[in-house]
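To keep things clear, I will list the structure first and then write my remarks on it.
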Amino acid sequence: MRMRWRVAALLLALPGVVPAAWGQLAPSPDAPPVSTAPAPGPEEESVATFKLNVNLVDVFFTVKDKGGNLVPHLTKDDCTITEDKAPQKLKSFVAETQQPITLGILLDTSGSQYRVLPLEQEVGSQFLERVLRQKDEAFLLSFDVNVDLLQDYTNSARLLSRAMSKAEINTAGGNGAAGIPGAGGGTIPTIGTPKGTLLYDAVLLASNEKMNQETGRKAMILLTDGEDEGSVHKIGEAIAAAQKSNVLVYTILIADRGFYGGFGYSGFSAMKKMTEETGGRLIDVGNNGKKLEAAFQQIEDELRTQYVASYTPSNLKLDGTFRHLGVECRGDGMKVQVRKGYYATAPQD
């Protein structure tokens, strides 16, 4: 069963977080009801426990040739995987095109997105209608001075599009306000610690509360200018949460550059770090609608042209350390897109 986000439990799980610093993580009114099905019997429980305790690492990756084109027909003999530079013996290697995808759409609704939000809503809805298949599922959340779950997991592109269309710019000045920099309305540096774009907190929450219990192919798509303002957590913590949940983070960098005036625009480097560390990709579209459409198409193609290799690591210690992954595929100019590594943590009950 899927659990809706519970604000109190979430705040207690984050040490040092003052409840007043967080927005209400309100589930969408369209969220699926909580299941009232009876608890699984002993046989079902034992099967679930067995699966959780299998120490198997799944590595999802895409391969492109020197021209930047996706390479879809590699075999087990074409690629090698190392963990902390030690070669690993693959148990399986499959070119996945039909495996279900779990998606999280994270929508920046801070003041700096005032002029580009309608474009994000239009093109994002078209993407969801096109990409979601029968066994796929997705959720939608927004982040600004708060982090809000707009639509819980669903296979319905209609529900997701409706939730996206209702998203509003939210600043310290109130919903719909263009925002005043430093008052929660933007990301221009000011005196003190303004709270206006809780980007890192949103990634961490989505990873821990929505993606962590999911299996298979998982990806988050951030529609943002890449600027964080006022998050409790740092970028390194957000990246670690995504890595622990085995989530690819894609960022579509979309921004009204005029909003920043003479203060410049610096979201690129942070988002490049986050996407590369998690195996996703950064695509800069500015405020160009055609580029935004192309970005969504590129992400769809990559998620549908993906390899998954599985292995039992030669280092069997579940000590919580970070293990560096390396994937190489034979061929002239082959470039592999894969997460930098994973945390070897013990399975959760």
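Chain labels follow the order of the structure tokens: the first chain is A, the next B, and so on; residue numbering restarts at 1 in every chain, and ligands are counted from 1 in their shown order.
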Item to complete: Determine, counting only C-alpha atoms, which protein, DNA and RNA residues have an atom within 9 Å of an atom of Lys335 in chain A; residues of the same chain fewer than 5 positions away are not included. Present the result as a PyMOL selection string.
Response: chain A and resi 62-66+68+328-329
Worksheet item: Residues of range 91-246 of chain A in helix (DSSP H, G or I) according to DSSP, as a count of residues only?
Response: 50
Item to complete: Name all residues at most 9 Å from range 205-211 of chain A (count only C-alpha atoms; drop same-chain ones fewer than 5 positions away) and give them as a PyMOL selection string.
Response: chain A and resi 2-5+10+102-104+106+139+141+147+152-153+200+218-220+238+241-247
Generate a file of the selected residues that holds C-alpha atoms, formatted as a compact mmCIF listing (two decimals), in the first residue's frame.
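Below is the file that was written, selection.txt:
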# COMPACT_ATOMS: atom_id res chain seq x y z
CA ARG A 2 1.12 3.52 -0.66
CA MET A 3 1.39 5.89 2.28
CA ARG A 4 0.40 9.51 2.04
CA TRP A 5 2.88 11.98 3.43
CA LEU A 10 8.32 13.71 8.60
CA THR A 102 8.21 5.58 -11.56
CA LEU A 103 8.35 9.35 -12.08
CA GLY A 104 8.40 12.29 -9.73
CA LEU A 106 9.11 18.55 -9.02
CA PHE A 139 3.48 11.98 -8.56
CA LEU A 141 4.96 18.17 -5.99
CA VAL A 147 6.97 21.82 -0.24
CA ASP A 152 0.09 11.43 -5.16
CA TYR A 153 1.06 8.38 -7.20
CA TYR A 200 17.18 20.73 -1.85
CA LYS A 218 12.92 5.66 -10.97
CA ALA A 219 13.48 9.23 -12.09
CA MET A 220 12.78 12.71 -10.81
CA ALA A 238 19.78 15.91 -1.23
CA ALA A 241 19.06 10.83 -0.47
CA ALA A 242 18.53 10.40 -4.22
CA GLN A 243 21.46 7.99 -4.46
CA LYS A 244 20.18 5.91 -1.55
CA SER A 245 16.80 5.68 -3.27
CA ASN A 246 18.44 4.80 -6.62
CA VAL A 247 16.76 7.74 -8.35
Worksheet entry | Separation of CA of Glu83 in chain A from CA of Gln337 in chain A in Å |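 Separating CA of Gln337 in chain A from CA of Glu83 in chain A is a distance of 15.7 Å.
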Practice prompt. Return the single residue from A:Asp332, A:Asp148, A:Glu227, A:Glu300 that is closest to Leu253 in chain A, with distances computed using only C-alpha atoms.
Written response: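 Going through A:Asp332, A:Asp148, A:Glu227, A:Glu300 one by one, the smallest distance to Leu253 in chain A is for A:Glu227.
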